[in-house]
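**Student:** Encoded as C-alpha cells, here's the structure I'll be asking about.
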Amino acid sequence: MSPTGVAKADDQAHAARTLWNLLHAWWRMMPKEKRILANADAAIRQARKDIDFLAVLPAPAAQAVLKTYFRAWKNCWEGRAAAPDFKARFHTVMSVDIPQGRDLNITRVHRRWGVVNVPKVGRVRFRWTKDLPVGKRADAENRITGARLVKDALGWHITFRVQTLEVKPEPHQGPEAGIDVGVTVPLALSDGTTYEHGGWLTGKEKATLLHLEQRAAQRKRYRRPGERPSRRLRHTYDRIAGLRAKAKRRALDWQHQTTTRIARTVVVEALTITNMVKSAKGTIEEPGKNVARKAGLNRSIAAEAWGRTVTLLAYKTAKCGGTLVRVPAPGTSRRCSACGFTTPGSRESQAVFVCKNLDCGWSGNADHNGARNVLHLYRMGLALIPAAGRAVVRRAKRVKPTTAR
C-alpha cells in the first residue's frame, strides 16, 4: 500500500474507533426504551453530517460499526462476552470493515499478487496466498461476501470473508489419541508422536530484539515524567513491535500446520491457563519464592498459546467429522499410565518418567505418559465438555442481563 493509501486507511480506522466511542456514549445517555437500532442509525447519519472527520469512513463501514456494537451487547446479554466499553487510541487494534463484497472488485495480477478496490482508498495490491472465488470461480454458493482491513506492527493486511458450500463430513472413525501440552515439548500424542518447534526468531533477530529493548530502556530512563516519547524512542518501539509480530505470525503458522496434521478424533487435557500463569510475588507479609523463575515460566506458557491450539483443533476436527473432548488435567503428568498409581518421585525429570510402584516399574517419556493418561480418562467417561461449540454458557462478571437492557 502506498503512503497515501496508508494515511487514508489510518484515517478510516480512527474514524471507526471514534464512531464506536460516540455510539457507546449515546447508548449510556439514552433511556432504555430508546436504545433501538433505528435511533442509533439516525444518530450516526447526523454525526457523519456534522463531523467532517467521520465522513472519511464509507457509509457501509459505518453501518458495520453499528451492527458490531449491537452484536456486542447481544453477546453480553447471552453471557458470551463482557459488556462493550470505550476503545482507547493506543490499546485498540486498528481495523476497517468492508461489508459488501461487490465493492471489492478483486483482480488477480499473476500467481503471487492480486489487486482489490478499497472504498475511499483506491486500488491496493495484496499477496495472493489462497485461491479466492473470483471471476468464473464465483457463483451463488461460492463467493466473497466482504473483507476486513487490520493493521498490526507489520502494516495493513486484508482478510476476505468467503461463503462456500462444503459437504457435510461423515462421523470420523479414525483412531483416538490423547494430547499432552507442555513447554519443552509443545504437543505430545499418546501414540508416541511429538510435535516440536524451534525459536520463533533467528539468532540474529533475537540479538537485534535484545539490543532494541536495551536501547528503549536506556532512552526511557532519561525521559522526564509526563514527557512524550521522542521520535527515536517511538521508532525503536515500532521496530520491537515488528519483530514480536513476526514471531507471533510464525507461531500461528506452526500451530495451523500442526493442528491440520492431527485433526482427527483427539482428546486434550483441560488446563486452567489463567491460574497457571499467575504471579508468584505474593504479599509483603508472605512473599513468594523463585519469583523470577516463575515469571520466566509464565512467559514460556504464554508463548505456546495452548488455548489457541485447542481452538484450532476444535474446528478442524469438527470439519473432518471428528470430536475434540477435554478431560480433567490434575494428576495426568504424575500418574503412571501403565498401573494407574501416583507415586511420589516417579517423574524424575522433565522428559523421564519411571514408576516407583514396586509392582510396575514402567518407564518412558513423561509427555508420552501424560498423553496416555489423558486418553485413559476419556475412555473412563471423565470427559468435561466438548471443545467444539459452546456446551456451557459463560456469564460475564458483574453484568446482569435483566438490568443491562
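For the C-alpha cells, the naming scheme is as follows: chains receive sequential letters (A, B, ...) according to their order of presentation, residues are indexed from 1 within each chain, and ligands are indexed from 1 in presentation order.
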Just asking: which residues within region 121-220 of chain A are strand (DSSP E) according to DSSP, as JSON, numbers by chain?

**Tutor:** {"A": [122, 123, 124, 125, 126, 127, 143, 144, 145, 146, 147, 148, 149, 150, 151, 152, 155, 156, 157, 158, 159, 160, 161, 162, 163, 177, 178, 179, 180, 181, 187, 188, 189, 194, 195]}

**Student:** Excluding Val352 (chain A) and its own-chain neighbours fewer than 5 positions away, which residues fall within 9 Å of it when counting only C-alpha atoms? Please give them as a list in words.

**Tutor:** Ser346, Arg347, Ser363, Gly364, Asn365, Ala366 and Asp367 of chain A

**Student:** For Gln218 (chain A), please output as a list in words all residues within 12 Å (counting only C-alpha atoms; exclusion window: fewer than 5 positions along the same chain).

**Tutor:**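 Those residues are His211, Leu212, Glu213, Arg223, Arg232, Leu233 and Thr236 of chain A.
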
**Student:** Print the selection's residues with N, CA and C atoms to a file, as a short mmCIF file (atom, residue, chain, number, x, y, z; two decimals), in the first residue's frame.

**Tutor:**
data_model
loop_
_atom_site.label_atom_id
_atom_site.label_comp_id
_atom_site.auth_asym_id
_atom_site.auth_seq_id
_atom_site.Cartn_x
_atom_site.Cartn_y
_atom_site.Cartn_z
N HIS A 211 18.97 -5.90 21.69
CA HIS A 211 19.61 -4.59 21.55
C HIS A 211 18.59 -3.47 21.54
N LEU A 212 17.49 -3.67 20.82
CA LEU A 212 16.45 -2.63 20.77
C LEU A 212 15.78 -2.44 22.12
N GLU A 213 15.51 -3.53 22.83
CA GLU A 213 14.89 -3.41 24.15
C GLU A 213 15.82 -2.68 25.13
N ARG A 223 14.01 10.00 30.29
CA ARG A 223 12.83 10.80 29.94
C ARG A 223 12.16 11.29 31.22
N ARG A 232 12.95 9.14 18.12
CA ARG A 232 13.83 7.98 18.11
C ARG A 232 13.27 6.85 18.97
N LEU A 233 12.72 7.20 20.13
CA LEU A 233 12.16 6.16 21.01
C LEU A 233 10.94 5.51 20.37
N THR A 236 12.13 3.11 17.83
CA THR A 236 12.63 1.89 18.47
C THR A 236 11.47 0.99 18.89
#

**Student:** Within 12 Å of region 137-157 of chain A, which residues of region 50-75 of chain A show up? Give each one with its shortest atom-to-atom distance in Å (one decimal) and the two atoms involved, counting only C-alpha atoms, rows by chain then rising residue number, as a tab-separated table.

**Tutor:**
residue	atom	partner	partner_atom	distance
A:Pro60	CA	A:Gly146	CA	10.9
A:Ala61	CA	A:Arg148	CA	9.8
A:Ala64	CA	A:Arg148	CA	10.6
A:Val65	CA	A:Arg148	CA	11.9

**Student:** Name the closest residue to Leu189 (chain A) among the candidates A:Asp97, A:His256, A:Ile262, A:Pro119; distances are taken between atoms, counting only C-alpha atoms.

**Tutor:** A:Ile262

**Student:** Just checking: using only C-alpha atoms, which residue out of A:Glu205, A:Glu33, A:Gly307, A:Arg221 ends up closest to Gln255 (chain A)?

**Tutor:**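 Ranked by minimum distance to Gln255 (chain A), first place goes to A:Gly307.
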
**Student:** Could you tell me which of A:Ala43, A:Ser337, A:Val185, A:Leu209 comes closest to Ala245 (chain A) if we count only C-alpha atoms?

**Tutor:**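 Of all the options, A:Leu209 lies closest to Ala245 (chain A).
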
**Student:** Please measure the separation of CA of Gly370 (chain A) and CA of Asp180 (chain A), giving the value in Å to one decimal.

**Tutor:**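 Interatomic distance here is 5.8 Å.
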
**Student:** Suppose you want the space between CA of Thr260 (chain A) and CA of Leu312 (chain A); what is it in Å?

**Tutor:**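 Interatomic distance, CA of Thr260 (chain A) to CA of Leu312 (chain A): 8.5 Å.
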
**Student:** Which residue gives the smallest distance to Asn21 (chain A) among A:Pro84, A:Pro225, A:Gly79, A:Pro186, with only C-alpha atoms counted?

**Tutor:** A:Pro84

**Student:** Using Å and a single decimal, report how far CA of Arg125 (chain A) sits from CA of Lys248 (chain A).

**Tutor:** 23.5 Å

**Student:** Taking 5 positions as the minimum chain separation for residues in the same chain, which residues sit within 8 Å of Val118 (chain A) when counting only C-alpha atoms? Answer as a list in words.

**Tutor:**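 Those residues are Ile98, Asp103, Leu104, Arg123 and Val124 of chain A.
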
**Student:** Which polymer residues have any atom within 10 Å of an atom of Thr343 (chain A), counting only C-alpha atoms, with same-chain residues fewer than 2 positions away left out, as a ChimeraX atom specification?

**Tutor:** /A:334-336,340-341,345-347,354-357

**Student:** Do you know which residues are at most 8 Å from Arg17 (chain A) counting only C-alpha atoms, after dropping those on the same chain fewer than 2 positions away, and could you put them as an mmCIF file with all heavy atoms, in the first residue's frame?

**Tutor:**
data_model
loop_
_atom_site.group_PDB
_atom_site.id
_atom_site.type_symbol
_atom_site.label_atom_id
_atom_site.label_comp_id
_atom_site.auth_asym_id
_atom_site.auth_seq_id
_atom_site.Cartn_x
_atom_site.Cartn_y
_atom_site.Cartn_z
ATOM 1 N N ALA A 13 -9.664 4.051 10.030
ATOM 2 C CA ALA A 13 -9.638 3.253 11.263
ATOM 3 C C ALA A 13 -9.886 4.131 12.486
ATOM 4 O O ALA A 13 -10.638 3.750 13.402
ATOM 5 C CB ALA A 13 -8.301 2.526 11.383
ATOM 6 N N HIS A 14 -9.267 5.311 12.520
ATOM 7 C CA HIS A 14 -9.509 6.227 13.642
ATOM 8 C C HIS A 14 -10.955 6.711 13.650
ATOM 9 O O HIS A 14 -11.566 6.877 14.721
ATOM 10 C CB HIS A 14 -8.551 7.408 13.563
ATOM 11 C CG HIS A 14 -7.133 7.069 13.894
ATOM 12 N ND1 HIS A 14 -6.768 6.445 15.070
ATOM 13 C CD2 HIS A 14 -5.980 7.260 13.204
ATOM 14 C CE1 HIS A 14 -5.453 6.271 15.103
ATOM 15 N NE2 HIS A 14 -4.958 6.745 13.977
ATOM 16 N N ALA A 15 -11.514 6.932 12.474
ATOM 17 C CA ALA A 15 -12.920 7.350 12.405
ATOM 18 C C ALA A 15 -13.839 6.239 12.898
ATOM 19 O O ALA A 15 -14.839 6.506 13.592
ATOM 20 C CB ALA A 15 -13.274 7.754 10.978
ATOM 21 N N LEU A 19 -16.286 6.547 16.033
ATOM 22 C CA LEU A 19 -17.714 6.280 15.886
ATOM 23 C C LEU A 19 -18.192 5.282 16.932
ATOM 24 O O LEU A 19 -19.293 5.410 17.477
ATOM 25 C CB LEU A 19 -17.989 5.757 14.478
ATOM 26 C CG LEU A 19 -19.453 5.569 14.095
ATOM 27 C CD1 LEU A 19 -20.211 6.887 14.188
ATOM 28 C CD2 LEU A 19 -19.567 4.987 12.690
ATOM 29 N N TRP A 20 -17.370 4.273 17.216
ATOM 30 C CA TRP A 20 -17.709 3.312 18.277
ATOM 31 C C TRP A 20 -17.846 4.034 19.618
ATOM 32 O O TRP A 20 -18.802 3.786 20.369
ATOM 33 C CB TRP A 20 -16.637 2.234 18.346
ATOM 34 C CG TRP A 20 -16.796 1.271 19.487
ATOM 35 C CD1 TRP A 20 -16.500 1.497 20.807
ATOM 36 C CD2 TRP A 20 -17.308 -0.065 19.435
ATOM 37 N NE1 TRP A 20 -16.776 0.395 21.561
ATOM 38 C CE2 TRP A 20 -17.275 -0.572 20.753
ATOM 39 C CE3 TRP A 20 -17.771 -0.870 18.403
ATOM 40 C CZ2 TRP A 20 -17.685 -1.865 21.050
ATOM 41 C CZ3 TRP A 20 -18.187 -2.159 18.709
ATOM 42 C CH2 TRP A 20 -18.143 -2.645 20.019
ATOM 43 N N ASN A 21 -16.918 4.902 19.943
ATOM 44 C CA ASN A 21 -16.975 5.620 21.223
ATOM 45 C C ASN A 21 -18.184 6.539 21.288
ATOM 46 O O ASN A 21 -18.820 6.680 22.346
ATOM 47 C CB ASN A 21 -15.687 6.412 21.420
ATOM 48 C CG ASN A 21 -14.480 5.515 21.641
ATOM 49 O OD1 ASN A 21 -14.620 4.371 22.074
ATOM 50 N ND2 ASN A 21 -13.291 6.027 21.336
ATOM 51 N N LYS A 87 -13.158 2.432 23.414
ATOM 52 C CA LYS A 87 -11.925 1.930 22.814
ATOM 53 C C LYS A 87 -10.856 3.000 22.883
ATOM 54 O O LYS A 87 -11.027 4.101 22.341
ATOM 55 C CB LYS A 87 -12.166 1.520 21.355
ATOM 56 C CG LYS A 87 -13.044 0.288 21.211
ATOM 57 C CD LYS A 87 -13.112 -0.174 19.770
ATOM 58 C CE LYS A 87 -13.915 -1.457 19.640
ATOM 59 N NZ LYS A 87 -13.949 -1.958 18.243
ATOM 60 N N ARG A 89 -7.191 4.811 22.162
ATOM 61 C CA ARG A 89 -6.483 5.041 20.915
ATOM 62 C C ARG A 89 -5.273 4.116 20.774
ATOM 63 O O ARG A 89 -5.028 3.580 19.690
ATOM 64 C CB ARG A 89 -6.030 6.504 20.850
ATOM 65 C CG ARG A 89 -5.228 6.851 19.600
ATOM 66 C CD ARG A 89 -4.761 8.303 19.638
ATOM 67 N NE ARG A 89 -3.955 8.650 18.484
ATOM 68 C CZ ARG A 89 -4.414 9.114 17.338
ATOM 69 N NH1 ARG A 89 -5.715 9.282 17.187
ATOM 70 N NH2 ARG A 89 -3.605 9.409 16.339
ATOM 71 N N MET A 94 -6.392 -1.352 15.101
ATOM 72 C CA MET A 94 -6.960 -0.517 14.048
ATOM 73 C C MET A 94 -7.522 -1.419 12.946
ATOM 74 O O MET A 94 -6.803 -2.269 12.401
ATOM 75 C CB MET A 94 -5.898 0.424 13.485
ATOM 76 C CG MET A 94 -5.352 1.408 14.498
ATOM 77 S SD MET A 94 -4.067 2.496 13.819
ATOM 78 C CE MET A 94 -5.010 3.387 12.580
#

**Student:** Just list the residues in region 31-73 of chain A DSSP gives alpha helix (DSSP H) on the backbone, as a ChimeraX atom specification.

**Tutor:** /A:37-50,59-73
